[in-house]
>>> print(open('work.tsv').read())   # TSV, C-alpha atoms
chain	number	residue	atom	x	y	z
A	1	MET	CA	-148.03	-78.24	-7.89
A	2	HIS	CA	-149.37	-80.00	-11.02
A	3	THR	CA	-150.88	-83.44	-10.69
A	4	THR	CA	-151.36	-84.18	-14.39
A	5	ALA	CA	-149.14	-83.97	-17.48
A	6	ASP	CA	-149.28	-80.92	-19.74
A	7	GLY	CA	-148.81	-83.03	-22.87
A	8	THR	CA	-145.67	-81.29	-24.16
A	9	GLU	CA	-143.01	-80.60	-21.52
A	10	VAL	CA	-144.41	-83.25	-19.16
A	11	VAL	CA	-146.20	-86.39	-20.33
A	12	ALA	CA	-147.72	-89.31	-18.45
A	13	THR	CA	-146.29	-92.29	-20.33
A	14	ARG	CA	-143.48	-93.46	-22.57
A	15	THR	CA	-146.00	-94.04	-25.37
A	16	GLN	CA	-147.10	-90.40	-25.25
A	17	ALA	CA	-143.47	-89.27	-25.26
A	18	GLU	CA	-142.71	-91.26	-28.40
A	19	SER	CA	-145.61	-89.63	-30.24
A	20	LEU	CA	-144.20	-86.10	-29.83
A	21	ALA	CA	-142.03	-84.35	-32.41
A	22	SER	CA	-139.86	-82.93	-29.62
A	23	PRO	CA	-138.98	-85.06	-26.58
A	24	PRO	CA	-140.62	-84.02	-23.28
A	25	LEU	CA	-138.66	-83.04	-20.18
A	26	LEU	CA	-140.45	-85.36	-17.77
A	27	ILE	CA	-142.14	-88.71	-18.34
A	28	LEU	CA	-144.15	-89.32	-15.20
A	29	ASP	CA	-144.34	-93.11	-15.32
A	30	GLU	CA	-140.56	-93.35	-15.88
A	31	VAL	CA	-139.84	-90.94	-13.03
A	32	THR	CA	-142.23	-92.84	-10.75
A	33	ALA	CA	-140.49	-96.13	-11.52
A	34	PHE	CA	-137.08	-94.56	-10.83
A	35	PHE	CA	-138.27	-93.11	-7.53
A	36	ASP	CA	-139.75	-96.48	-6.55
A	37	ALA	CA	-136.48	-98.25	-7.35
A	38	HIS	CA	-134.57	-95.87	-5.06
A	39	GLY	CA	-137.08	-95.74	-2.22
A	40	LEU	CA	-137.95	-92.09	-2.77
A	41	GLY	CA	-141.43	-91.58	-1.34
A	42	SER	CA	-144.59	-93.39	-2.38
A	43	GLY	CA	-147.79	-92.71	-4.23
A	44	PRO	CA	-148.57	-90.51	-7.25
A	45	LEU	CA	-146.30	-87.64	-8.26
A	46	SER	CA	-147.04	-83.94	-8.43
A	47	TRP	CA	-144.59	-81.55	-9.99
A	48	ALA	CA	-143.66	-77.92	-10.58
A	49	GLN	CA	-140.75	-76.38	-12.46
A	50	ILE	CA	-138.34	-74.31	-10.37
A	51	GLY	CA	-136.46	-71.34	-11.81
A	52	ASP	CA	-136.30	-69.98	-15.33
A	53	GLY	CA	-134.67	-72.99	-17.00
A	54	GLN	CA	-132.17	-70.98	-19.07
A	55	SER	CA	-129.77	-73.91	-18.93
A	56	ASN	CA	-130.35	-77.07	-16.93
A	57	ILE	CA	-133.92	-77.69	-15.80
A	58	THR	CA	-135.10	-78.25	-12.25
A	59	TYR	CA	-138.39	-79.68	-10.96
A	60	ARG	CA	-139.85	-79.94	-7.50
A	61	ILE	CA	-141.42	-83.40	-7.14
A	62	ARG	CA	-143.84	-84.29	-4.36
A	63	ARG	CA	-144.88	-87.80	-3.35
A	64	GLY	CA	-147.26	-87.90	-0.42
A	65	ASN	CA	-145.62	-85.85	2.34
A	66	ASP	CA	-142.15	-86.00	0.79
A	67	ASP	CA	-140.57	-83.36	-1.44
A	68	PHE	CA	-137.65	-83.84	-3.79
A	69	VAL	CA	-135.84	-81.92	-6.51
A	70	LEU	CA	-135.08	-83.48	-9.91
A	71	ARG	CA	-132.45	-81.80	-12.06
A	72	ARG	CA	-131.78	-82.66	-15.71
A	73	GLY	CA	-130.11	-81.15	-18.74
A	74	PRO	CA	-131.97	-79.49	-21.60
A	75	ARG	CA	-133.13	-81.38	-24.65
A	76	PRO	CA	-130.32	-82.75	-26.82
A	77	PRO	CA	-128.43	-82.10	-28.96
A	78	LEU	CA	-126.26	-79.78	-26.85
A	79	PRO	CA	-122.57	-79.92	-25.88
A	80	ARG	CA	-122.47	-82.73	-23.34
A	81	SER	CA	-119.66	-81.09	-21.36
A	82	THR	CA	-121.81	-78.08	-20.48
A	83	HIS	CA	-124.73	-80.12	-19.15
A	84	ASP	CA	-123.01	-83.05	-17.40
A	85	MET	CA	-125.45	-84.11	-14.71
A	86	VAL	CA	-123.24	-86.95	-13.53
A	87	ARG	CA	-120.30	-84.65	-12.92
A	88	GLU	CA	-122.51	-82.00	-11.31
A	89	ALA	CA	-123.95	-84.52	-8.87
A	90	ARG	CA	-120.61	-86.06	-7.96
A	91	ILE	CA	-118.83	-82.83	-7.12
A	92	GLN	CA	-121.67	-81.95	-4.74
A	93	GLN	CA	-121.34	-85.35	-3.09
A	94	LEU	CA	-117.61	-84.74	-2.60
A	95	LEU	CA	-118.07	-81.20	-1.30
A	96	ARG	CA	-120.82	-82.16	1.13
A	97	VAL	CA	-118.35	-84.48	2.88
A	98	GLN	CA	-116.00	-81.49	3.19
A	99	GLY	CA	-118.63	-79.38	4.96
A	100	VAL	CA	-119.61	-77.19	2.02
A	101	PRO	CA	-123.35	-76.42	2.16
A	102	VAL	CA	-124.80	-78.22	-0.86
A	103	PRO	CA	-128.02	-80.22	-1.34
A	104	GLU	CA	-127.99	-83.91	-0.47
A	105	ILE	CA	-127.83	-86.04	-3.63
A	106	LEU	CA	-130.27	-88.92	-3.15
A	107	ALA	CA	-130.07	-90.73	-6.50
A	108	LEU	CA	-128.27	-90.38	-9.82
A	109	CYS	CA	-129.56	-91.77	-13.14
A	110	GLU	CA	-126.89	-92.26	-15.80
A	111	ASP	CA	-129.23	-94.30	-18.01
A	112	GLU	CA	-130.26	-91.95	-20.84
A	113	SER	CA	-133.07	-94.26	-21.89
A	114	VAL	CA	-135.18	-93.05	-18.93
A	115	LEU	CA	-135.52	-89.33	-19.81
A	116	GLY	CA	-133.20	-88.97	-22.78
A	117	VAL	CA	-130.46	-87.40	-20.64
A	118	PRO	CA	-128.87	-88.21	-17.27
A	119	PHE	CA	-130.48	-86.63	-14.22
A	120	TYR	CA	-130.23	-86.64	-10.46
A	121	VAL	CA	-132.56	-86.29	-7.49
A	122	MET	CA	-131.69	-84.27	-4.40
A	123	GLY	CA	-133.37	-83.42	-1.15
A	124	PHE	CA	-135.73	-80.45	-1.13
A	125	LEU	CA	-134.63	-77.50	1.00
A	126	ASP	CA	-137.02	-74.89	2.35
A	127	GLY	CA	-135.13	-71.64	2.02
A	128	LEU	CA	-134.84	-68.24	0.36
A	129	VAL	CA	-133.20	-67.42	-2.96
A	130	ILE	CA	-132.60	-63.68	-3.11
A	131	THR	CA	-133.03	-61.97	-6.47
A	132	ASN	CA	-134.84	-58.65	-6.91
A	133	THR	CA	-136.95	-58.58	-3.75
A	134	ILE	CA	-135.55	-58.22	-0.25
A	135	PRO	CA	-136.96	-61.06	1.90
A	136	THR	CA	-138.96	-59.72	4.83
A	137	ALA	CA	-137.11	-62.00	7.25
A	138	LEU	CA	-133.75	-60.57	6.16
A	139	SER	CA	-134.74	-56.96	5.51
A	140	ALA	CA	-133.22	-55.24	8.56
A	141	MET	CA	-129.97	-53.37	7.89
A	142	GLU	CA	-127.95	-55.77	10.01
A	143	ASP	CA	-129.47	-58.70	8.09
A	144	ARG	CA	-128.59	-57.12	4.75
A	145	ARG	CA	-124.96	-56.78	5.79
A	146	ALA	CA	-124.98	-60.30	7.21
A	147	THR	CA	-126.41	-61.56	3.90
A	148	SER	CA	-123.47	-60.04	2.03
A	149	ALA	CA	-120.99	-61.43	4.54
A	150	ALA	CA	-122.52	-64.89	4.12
A	151	VAL	CA	-122.05	-64.67	0.32
A	152	VAL	CA	-118.32	-64.13	0.82
A	153	ASP	CA	-118.06	-66.69	3.62
A	154	ALA	CA	-119.57	-69.44	1.46
A	155	LEU	CA	-117.16	-68.64	-1.38
A	156	VAL	CA	-114.19	-68.74	1.00
A	157	ARG	CA	-115.37	-72.10	2.32
A	158	ILE	CA	-115.50	-73.52	-1.21
A	159	HIS	CA	-112.07	-72.14	-2.09
A	160	SER	CA	-110.57	-73.49	1.15
A	161	VAL	CA	-111.33	-77.14	0.36
A	162	ASP	CA	-108.13	-79.12	-0.22
A	163	VAL	CA	-107.92	-80.26	-3.85
A	164	SER	CA	-104.37	-81.58	-3.69
A	165	SER	CA	-105.36	-85.17	-2.92
A	166	GLY	CA	-108.32	-87.54	-2.83
A	167	ASP	CA	-111.19	-87.68	-5.29
A	168	LEU	CA	-111.29	-83.92	-5.84
A	169	ALA	CA	-107.69	-83.98	-7.09
A	170	SER	CA	-108.82	-86.08	-10.06
A	171	PHE	CA	-111.78	-83.83	-10.79
A	172	GLY	CA	-109.82	-81.44	-12.98
A	173	LYS	CA	-106.38	-80.18	-13.95
A	174	PRO	CA	-105.67	-76.75	-12.45
A	175	GLU	CA	-102.49	-76.16	-14.45
A	176	GLY	CA	-103.26	-74.05	-17.51
A	177	TYR	CA	-106.89	-73.55	-16.49
A	178	LEU	CA	-106.99	-69.87	-17.49
A	179	GLN	CA	-105.32	-70.45	-20.85
A	180	ARG	CA	-107.75	-73.26	-21.60
A	181	GLN	CA	-110.71	-71.06	-20.76
A	182	VAL	CA	-109.61	-68.33	-23.16
A	183	ALA	CA	-108.86	-70.82	-25.94
A	184	ARG	CA	-112.09	-72.76	-25.44
A	185	PHE	CA	-114.42	-69.78	-25.45
A	186	SER	CA	-112.61	-68.17	-28.38
A	187	GLY	CA	-113.42	-71.29	-30.36
A	188	LEU	CA	-117.07	-71.28	-29.26
A	189	TRP	CA	-117.90	-67.83	-30.61
A	190	GLU	CA	-118.05	-68.65	-34.32
A	191	VAL	CA	-120.27	-71.69	-33.80
A	192	ASN	CA	-122.63	-69.75	-31.53
A	193	THR	CA	-123.26	-66.55	-33.49
A	194	MET	CA	-125.01	-65.29	-36.59
A	195	ARG	CA	-123.63	-61.75	-36.45
A	196	ASN	CA	-120.34	-59.88	-36.48
A	197	LEU	CA	-119.15	-58.44	-33.15
A	198	PRO	CA	-115.41	-57.66	-33.49
A	199	GLU	CA	-115.14	-56.87	-29.76
A	200	VAL	CA	-115.16	-60.60	-29.00
A	201	ALA	CA	-111.89	-61.17	-30.85
A	202	ARG	CA	-110.34	-57.94	-29.53
A	203	ILE	CA	-111.04	-58.77	-25.89
A	204	GLY	CA	-110.11	-62.42	-26.43
A	205	SER	CA	-106.71	-61.39	-27.80
A	206	TRP	CA	-106.12	-59.09	-24.84
A	207	LEU	CA	-107.03	-61.88	-22.41
A	208	ALA	CA	-104.69	-64.34	-24.15
A	209	ASP	CA	-101.82	-61.84	-24.10
A	210	ASN	CA	-102.22	-60.97	-20.43
A	211	VAL	CA	-102.98	-64.23	-18.63
A	212	PRO	CA	-101.91	-63.83	-14.98
A	213	ASP	CA	-100.04	-66.49	-13.04
A	214	SER	CA	-102.42	-68.54	-10.89
A	215	GLN	CA	-101.56	-68.36	-7.20
A	216	ALA	CA	-103.65	-71.30	-6.02
A	217	ALA	CA	-105.85	-74.18	-7.11
A	218	SER	CA	-109.32	-74.66	-5.71
A	219	VAL	CA	-112.80	-75.90	-6.45
A	220	LEU	CA	-114.49	-73.39	-8.73
A	221	HIS	CA	-118.26	-73.02	-8.76
A	222	GLY	CA	-118.19	-71.30	-12.15
A	223	ASP	CA	-121.44	-69.34	-11.72
A	224	TYR	CA	-121.01	-68.01	-8.20
A	225	ARG	CA	-123.46	-65.21	-7.42
A	226	PRO	CA	-126.05	-64.46	-4.70
A	227	GLY	CA	-128.87	-65.86	-6.84
A	228	ASN	CA	-127.26	-69.31	-6.76
A	229	LEU	CA	-127.31	-69.41	-2.97
A	230	MET	CA	-130.16	-70.55	-0.74
A	231	PHE	CA	-130.49	-68.83	2.62
A	232	ALA	CA	-132.21	-70.03	5.77
A	233	PRO	CA	-135.73	-68.57	5.91
A	234	GLN	CA	-135.11	-66.64	9.13
A	235	SER	CA	-132.59	-64.26	10.65
A	236	PRO	CA	-129.62	-64.38	11.05
A	237	ALA	CA	-128.64	-64.66	7.38
A	238	ARG	CA	-127.06	-68.05	6.71
A	239	VAL	CA	-126.32	-69.94	3.49
A	240	ILE	CA	-127.85	-73.41	3.65
A	241	ALA	CA	-126.99	-74.47	0.10
A	242	VAL	CA	-124.87	-73.43	-2.86
A	243	LEU	CA	-126.83	-74.42	-5.98
A	244	ASP	CA	-126.24	-75.01	-9.72
A	245	TRP	CA	-122.81	-76.62	-10.02
A	246	GLU	CA	-122.93	-77.24	-13.79
A	247	MET	CA	-119.91	-74.98	-14.50
A	248	SER	CA	-117.73	-76.34	-11.67
A	249	ALA	CA	-114.06	-77.10	-12.17
A	250	ILE	CA	-110.69	-77.21	-10.44
A	251	GLY	CA	-108.75	-74.06	-11.21
A	252	ASP	CA	-107.86	-70.51	-10.22
A	253	PRO	CA	-110.10	-69.28	-7.35
A	254	LEU	CA	-109.96	-65.69	-8.60
A	255	ALA	CA	-112.09	-66.79	-11.58
A	256	ASP	CA	-115.01	-67.14	-9.15
A	257	LEU	CA	-114.26	-63.84	-7.43
A	258	GLY	CA	-113.96	-62.14	-10.81
A	259	TYR	CA	-117.35	-63.44	-11.90
A	260	LEU	CA	-119.03	-62.57	-8.59
A	261	THR	CA	-117.75	-59.01	-8.59
A	262	ALA	CA	-118.09	-58.33	-12.34
A	263	THR	CA	-121.77	-59.30	-12.26
A	264	TYR	CA	-122.46	-57.73	-8.86
A	265	SER	CA	-125.15	-55.04	-8.64
A	266	GLU	CA	-124.35	-51.91	-6.67
A	267	PRO	CA	-125.68	-48.35	-6.69
A	268	GLY	CA	-124.81	-46.72	-10.01
A	269	SER	CA	-123.55	-49.88	-11.73
A	270	VAL	CA	-124.54	-50.45	-15.35
A	271	ALA	CA	-127.24	-53.10	-15.72
A	272	THR	CA	-126.36	-56.16	-17.82
A	273	PRO	CA	-128.24	-59.38	-18.71
A	274	LEU	CA	-126.46	-60.99	-15.75
A	275	GLU	CA	-127.93	-58.65	-13.15
A	276	LEU	CA	-129.88	-61.40	-11.45
A	277	THR	CA	-129.78	-60.19	-7.85
A	278	GLY	CA	-130.66	-56.54	-8.04
A	279	VAL	CA	-131.37	-56.14	-4.31
A	280	THR	CA	-127.69	-55.45	-3.63
A	281	ARG	CA	-128.25	-52.01	-5.14
A	282	TYR	CA	-130.15	-51.10	-1.95
A	283	PRO	CA	-128.61	-49.64	1.24
A	284	GLY	CA	-127.11	-52.08	3.71
A	285	TYR	CA	-125.62	-54.59	1.28
A	286	TYR	CA	-121.93	-54.78	0.45
A	287	THR	CA	-120.64	-52.79	-2.49
A	288	ARG	CA	-118.40	-54.50	-5.02
A	289	GLU	CA	-115.32	-53.16	-3.21
A	290	ASP	CA	-116.70	-54.42	0.12
A	291	VAL	CA	-116.97	-57.92	-1.38
A	292	ILE	CA	-113.40	-57.75	-2.66
A	293	GLU	CA	-112.05	-56.51	0.66
A	294	ALA	CA	-113.92	-59.16	2.67
A	295	TYR	CA	-112.48	-61.88	0.41
A	296	ARG	CA	-108.99	-60.33	0.60
A	297	GLN	CA	-109.07	-60.48	4.41
A	298	ARG	CA	-109.91	-64.19	4.39
A	299	MET	CA	-107.71	-65.49	1.57
A	300	ASP	CA	-103.95	-65.11	1.22
A	301	LEU	CA	-104.07	-64.04	-2.42
A	302	ASP	CA	-102.83	-60.98	-4.32
A	303	LEU	CA	-105.87	-59.40	-6.00
A	304	ALA	CA	-103.96	-56.91	-8.18
A	305	ALA	CA	-104.88	-58.83	-11.35
A	306	LEU	CA	-108.59	-59.08	-10.47
A	307	PRO	CA	-109.67	-56.82	-13.40
A	308	TRP	CA	-108.34	-59.49	-15.79
A	309	TYR	CA	-110.61	-62.09	-14.16
A	310	GLN	CA	-113.56	-59.68	-14.25
A	311	ALA	CA	-113.01	-59.07	-17.97
A	312	LEU	CA	-112.76	-62.85	-18.53
A	313	ALA	CA	-116.06	-63.40	-16.70
A	314	LEU	CA	-118.06	-60.95	-18.81
A	315	TRP	CA	-116.37	-61.98	-22.06
A	316	LYS	CA	-117.27	-65.64	-21.40
A	317	ALA	CA	-120.78	-64.56	-20.42
A	318	SER	CA	-121.19	-62.72	-23.72
A	319	ILE	CA	-120.34	-65.91	-25.60
A	320	PHE	CA	-122.72	-68.22	-23.78
A	321	CYS	CA	-125.45	-65.57	-23.89
A	322	GLU	CA	-124.91	-65.29	-27.64
A	323	ALA	CA	-125.56	-69.03	-27.90
A	324	ILE	CA	-128.95	-68.49	-26.23
A	325	TYR	CA	-129.71	-65.58	-28.57
A	326	THR	CA	-128.80	-67.66	-31.63
A	327	ARG	CA	-131.01	-70.54	-30.52
A	328	TRP	CA	-133.87	-68.05	-30.17
A	329	LEU	CA	-133.23	-66.66	-33.66
A	330	LYS	CA	-133.42	-70.21	-35.00
A	331	GLY	CA	-136.77	-70.75	-33.33
A	332	GLU	CA	-135.41	-73.15	-30.72
A	333	ARG	CA	-136.72	-71.10	-27.76
A	334	PRO	CA	-140.29	-70.36	-28.91
A	335	ASN	CA	-141.61	-69.54	-25.44
A	336	ASP	CA	-138.80	-67.11	-24.54
A	337	ARG	CA	-140.25	-63.64	-25.07
A	338	ILE	CA	-138.05	-61.68	-22.69
A	339	PHE	CA	-134.54	-62.95	-21.93
A	340	ALA	CA	-133.29	-64.15	-25.33
A	341	PRO	CA	-134.67	-61.15	-27.30
A	342	SER	CA	-132.96	-58.83	-24.80
A	343	LEU	CA	-129.58	-60.30	-25.78
A	344	GLU	CA	-129.55	-58.48	-29.11
A	345	ALA	CA	-128.42	-55.45	-27.13
A	346	GLY	CA	-127.40	-57.33	-23.97
A	347	VAL	CA	-124.43	-59.18	-25.46
A	348	PRO	CA	-122.81	-55.96	-26.80
A	349	GLN	CA	-123.39	-54.44	-23.34
A	350	LEU	CA	-121.53	-57.33	-21.71
A	351	LEU	CA	-118.66	-56.80	-24.15
A	352	ARG	CA	-118.52	-53.07	-23.37
A	353	SER	CA	-118.34	-53.86	-19.66
A	354	ALA	CA	-115.64	-56.49	-20.24
A	355	ALA	CA	-113.59	-53.99	-22.24
A	356	GLY	CA	-113.93	-51.55	-19.36
A	357	PHE	CA	-112.45	-54.02	-16.86
A	358	ALA	CA	-109.68	-54.76	-19.37
A	359	GLY	CA	-108.87	-51.06	-19.66
A	360	LEU	CA	-109.44	-51.16	-23.41
A	361	ALA	CA	-110.63	-48.05	-25.22
A	362	PRO	CA	-114.26	-48.27	-26.33
A	363	ALA	CA	-114.66	-49.70	-29.81
A	364	PRO	CA	-115.79	-47.17	-32.46
A	365	LEU	CA	-119.51	-47.33	-33.13
>>> encode(input="work.tsv", output="C-alpha cells")
Amino acid sequence: MHTTADGTEVVATRTQAESLASPPLLILDEVTAFFDAHGLGSGPLSWAQIGDGQSNITYRIRRGNDDFVLRRGPRPPLPRSTHDMVREARIQQLLRVQGVPVPEILALCEDESVLGVPFYVMGFLDGLVITNTIPTALSAMEDRRATSAAVVDALVRIHSVDVSSGDLASFGKPEGYLQRQVARFSGLWEVNTMRNLPEVARIGSWLADNVPDSQAASVLHGDYRPGNLMFAPQSPARVIAVLDWEMSAIGDPLADLGYLTATYSEPGSVATPLELTGVTRYPGYYTREDVIEAYRQRMDLDLAALPWYQALALWKASIFCEAIYTRWLKGERPNDRIFAPSLEAGVPQLLRSAAGFAGLAPAPL
C-alpha cells in the first residue's frame, strides 16, 4: 500500500491537481474529507490500485485498521453511459437486498467537483479472483468442478431476480433490448476506429436480420465471466461477490450466457483478447458445453438460439476493444504496452470467432 502521492495518477491536494495538464485519478485530501463526512475510518489514507484499469478504475483504501474499495470512472471525456458510477452502485444496492452476492455499497459521491467524476465506496472483501493461476485452496479436482458449478449458480441467481415490479422494473426496458444492442454498437464502430474491417458490418447485418425472440427479462450483468467473481478463500468453492456491474441492464438473460460461453476458455479453444480466466483450460473445470448444460437444467429457457447470442457477445467485444486500440494509437494510453497493442490482431480474431458462431463463411483475406 502507498502512503504518499505519486504526483500524476494520485496527488495529495487540490492545488497539486489543478497544476497538472491531465487530471489525476485520486486527490487524497478530497478523498479523506469525503471519508470523514461518511464516517469511513479515521486517520491518514494509504492506497493501492486493484486490477488492470482497462475501463473503470478501482483502488483499495486503508485507514487505520479499516479497508475500503473506491471505484471511479476513467478520465473524461468518455461516453457517460458506459461509465455511470451512480447507476452501477444503485443496481448493486438493489441486488444485495435480493440476496445476490455483491459488495456492500457504503457511500456514493455524485458531486463531480470532488474527483472530476462520480465514484462510490464499498466494503473490502478478502477473497480470491481466479484468472490464470489455480488457487491452492481450490486446486483439488472436486474444488475445480465446484468452482465451475458456482459460476453457473451465481448467474442463475442473478437471472432469477424478479424484475417485473419494484425499483428494478424501472432500471431498464427489456422490450427491444437485443435490437437496441445491435443498433447501438453498429453506430459505435465508425467513431471508434481508424481502420477498415468489413467483417464488422457483415456480422452486424447478420445479427440484425436474425434477432431471436426474447423468452424472459432479467437483470443482466453484461460482463459475466469467472474473472469478475470473487470466491471465498477456502474450500468449498463459493462466490462471495459478483464484481464490475458497469455494463448491467434489464434484458434477455441469454445475452449473459452467450458472453460467458463465447469467452470461456476450454482445452483446444482459440485464444482471444477476452481470455481472462485461462485456468478453465485445465482438467476438472467445466467445458463450455458443461456450462451450457448446467444453466439449461436450472433455467426454463430454450437455448437453440444461443449461437446468435455468442456471436453478439464477440462482435460487441470487438467494437469496444477497437475503442481501446484507437485510444492507444492516439497516444491516450501511454503506459499500455501489452493489451492495447495486442488488439491490432486481437480485434480481427474476435471478429473471426464471432463469424464462426454465426455460421458465416470466413471472409476472404
>>> closest_atom_pairs(input="work.tsv", of="region 65-174 of chain A", to="region 275-294 of chain A", cutoff="9 Å", atoms="all atoms listed in the file", output="tab-separated table")
residue	atom	partner	partner_atom	distance
A:Ile130	CA	A:Thr277	CA	6.5
A:Thr131	CA	A:Thr277	CA	4.0
A:Asn132	CA	A:Gly278	CA	4.8
A:Thr133	CA	A:Val279	CA	6.1
A:Ile134	CA	A:Val279	CA	6.2
A:Ala140	CA	A:Gly284	CA	8.4
A:Met141	CA	A:Gly284	CA	5.2
A:Glu142	CA	A:Gly284	CA	7.3
A:Asp143	CA	A:Gly284	CA	8.3
A:Arg144	CA	A:Tyr285	CA	5.2
A:Arg145	CA	A:Tyr285	CA	5.1
A:Ala146	CA	A:Tyr285	CA	8.3
A:Thr147	CA	A:Tyr285	CA	7.5
A:Ser148	CA	A:Tyr286	CA	5.7
A:Ala149	CA	A:Ala294	CA	7.7
A:Val151	CA	A:Val291	CA	8.6
A:Val152	CA	A:Val291	CA	6.7
A:Asp153	CA	A:Ala294	CA	8.6
>>> closest_residue(input="work.tsv", among="A:Thr8, A:Ser186, A:Ser214, A:Ser165", to="Asp302 (chain A)", atoms="all atoms listed in the file")
A:Ser214
>>> residues_around(input="work.tsv", residues="Tyr59 (chain A)", least_positions_apart="5", cutoff="9 Å", atoms="all atoms listed in the file", output="list in words")
Trp47, Ala48, Gln49, Ile50, Gly51, Phe68, Val69, Leu70, Arg71 and Arg72 of chain A
>>> atom_distance(input="work.tsv", atom1="CA of Asp36 (chain A)", atom2="CA of Gly99 (chain A)")
29.5 Å
>>> atom_distance(input="work.tsv", atom1="CA of Ala232 (chain A)", atom2="CA of Asp126 (chain A)")
7.6 Å
>>> closest_residue(input="work.tsv", among="A:Thr326, A:Ser19, A:Gln179, A:Gln92", to="Leu220 (chain A)", atoms="all atoms listed in the file")
A:Gln92
>>> closest_residue(input="work.tsv", among="A:Arg157, A:Lys316, A:Arg62, A:Arg195", to="Gly222 (chain A)", atoms="all atoms listed in the file")
A:Lys316
>>> atom_distance(input="work.tsv", atom1="CA of Met230 (chain A)", atom2="CA of Arg60 (chain A)")
15.1 Å
>>> closest_residue(input="work.tsv", among="A:Gly39, A:Gly116, A:Gly346, A:Pro101", to="Ala17 (chain A)", atoms="all atoms listed in the file")
A:Gly116
>>> closest_residue(input="work.tsv", among="A:Gly331, A:Glu110, A:Val219, A:Arg184", to="Ser164 (chain A)", atoms="only C-alpha atoms")
A:Val219
>>> axis_aligned_box(input="work.tsv", around="region 49-66 of chain A", padding_each_side="8 Å", output="JSON")
{"center_x": -138.5, "center_y": -78.9, "center_z": -8.4, "size_x": 33.5, "size_y": 33.9, "size_z": 37.4}
>>> closest_residue(input="work.tsv", among="A:Leu168, A:Ala241, A:Leu188, A:Ala358", to="Ala323 (chain A)", atoms="all atoms listed in the file")
A:Leu188
>>> residues_near_point(input="work.tsv", point="(-111.9, -76.2, -6.0)", cutoff="12 Å", atoms="only C-alpha atoms", output="short mmCIF file (atom, residue, chain, number, x, y, z; two decimals) with C-alpha atoms, keeping the file's coordinate frame")
data_model
loop_
_atom_site.label_atom_id
_atom_site.label_comp_id
_atom_site.auth_asym_id
_atom_site.auth_seq_id
_atom_site.Cartn_x
_atom_site.Cartn_y
_atom_site.Cartn_z
CA ILE A 91 -118.83 -82.83 -7.12
CA GLN A 92 -121.67 -81.95 -4.74
CA LEU A 94 -117.61 -84.74 -2.60
CA LEU A 95 -118.07 -81.20 -1.30
CA GLN A 98 -116.00 -81.49 3.19
CA VAL A 100 -119.61 -77.19 2.02
CA LEU A 155 -117.16 -68.64 -1.38
CA VAL A 156 -114.19 -68.74 1.00
CA ARG A 157 -115.37 -72.10 2.32
CA ILE A 158 -115.50 -73.52 -1.21
CA HIS A 159 -112.07 -72.14 -2.09
CA SER A 160 -110.57 -73.49 1.15
CA VAL A 161 -111.33 -77.14 0.36
CA ASP A 162 -108.13 -79.12 -0.22
CA VAL A 163 -107.92 -80.26 -3.85
CA SER A 164 -104.37 -81.58 -3.69
CA SER A 165 -105.36 -85.17 -2.92
CA ASP A 167 -111.19 -87.68 -5.29
CA LEU A 168 -111.29 -83.92 -5.84
CA ALA A 169 -107.69 -83.98 -7.09
CA SER A 170 -108.82 -86.08 -10.06
CA PHE A 171 -111.78 -83.83 -10.79
CA GLY A 172 -109.82 -81.44 -12.98
CA LYS A 173 -106.38 -80.18 -13.95
CA PRO A 174 -105.67 -76.75 -12.45
CA TYR A 177 -106.89 -73.55 -16.49
CA ALA A 216 -103.65 -71.30 -6.02
CA ALA A 217 -105.85 -74.18 -7.11
CA SER A 218 -109.32 -74.66 -5.71
CA VAL A 219 -112.80 -75.90 -6.45
CA LEU A 220 -114.49 -73.39 -8.73
CA HIS A 221 -118.26 -73.02 -8.76
CA GLY A 222 -118.19 -71.30 -12.15
CA TRP A 245 -122.81 -76.62 -10.02
CA MET A 247 -119.91 -74.98 -14.50
CA SER A 248 -117.73 -76.34 -11.67
CA ALA A 249 -114.06 -77.10 -12.17
CA ILE A 250 -110.69 -77.21 -10.44
CA GLY A 251 -108.75 -74.06 -11.21
CA ASP A 252 -107.86 -70.51 -10.22
CA PRO A 253 -110.10 -69.28 -7.35
CA LEU A 254 -109.96 -65.69 -8.60
CA ALA A 255 -112.09 -66.79 -11.58
CA ASP A 256 -115.01 -67.14 -9.15
#
>>> residues_around(input="work.tsv", residues="Ala340 (chain A)", least_positions_apart="3", cutoff="8 Å", atoms="all atoms listed in the file", output="list of chain:residue names")
A:Ile324, A:Tyr325, A:Trp328, A:Asp336, A:Arg337, A:Leu343, A:Glu344
>>> residues_around(input="work.tsv", residues="Val270 (chain A)", least_positions_apart="5", cutoff="10 Å", atoms="all atoms listed in the file", output="PDB file with C-alpha atoms, keeping the file's coordinate frame")
ATOM      1  CA  THR A 263    -121.770 -59.300 -12.260  1.00  0.00           C
ATOM      2  CA  TYR A 264    -122.460 -57.730  -8.860  1.00  0.00           C
ATOM      3  CA  SER A 265    -125.150 -55.040  -8.640  1.00  0.00           C
ATOM      4  CA  GLU A 275    -127.930 -58.650 -13.150  1.00  0.00           C
ATOM      5  CA  GLN A 349    -123.390 -54.440 -23.340  1.00  0.00           C
ATOM      6  CA  LEU A 350    -121.530 -57.330 -21.710  1.00  0.00           C
ATOM      7  CA  SER A 353    -118.340 -53.860 -19.660  1.00  0.00           C
TER       8      SER A 353
END
>>> residues_around(input="work.tsv", residues="Pro103 (chain A)", least_positions_apart="4", cutoff="8 Å", atoms="only C-alpha atoms", output="PDB file with C-alpha atoms, in the frame of the given file")
ATOM      1  CA  GLN A  92    -121.670 -81.950  -4.740  1.00  0.00           C
ATOM      2  CA  ARG A  96    -120.820 -82.160   1.130  1.00  0.00           C
ATOM      3  CA  MET A 122    -131.690 -84.270  -4.400  1.00  0.00           C
ATOM      4  CA  GLY A 123    -133.370 -83.420  -1.150  1.00  0.00           C
ATOM      5  CA  PHE A 124    -135.730 -80.450  -1.130  1.00  0.00           C
ATOM      6  CA  LEU A 125    -134.630 -77.500   1.000  1.00  0.00           C
ATOM      7  CA  ALA A 241    -126.990 -74.470   0.100  1.00  0.00           C
ATOM      8  CA  VAL A 242    -124.870 -73.430  -2.860  1.00  0.00           C
ATOM      9  CA  LEU A 243    -126.830 -74.420  -5.980  1.00  0.00           C
TER      10      LEU A 243
END
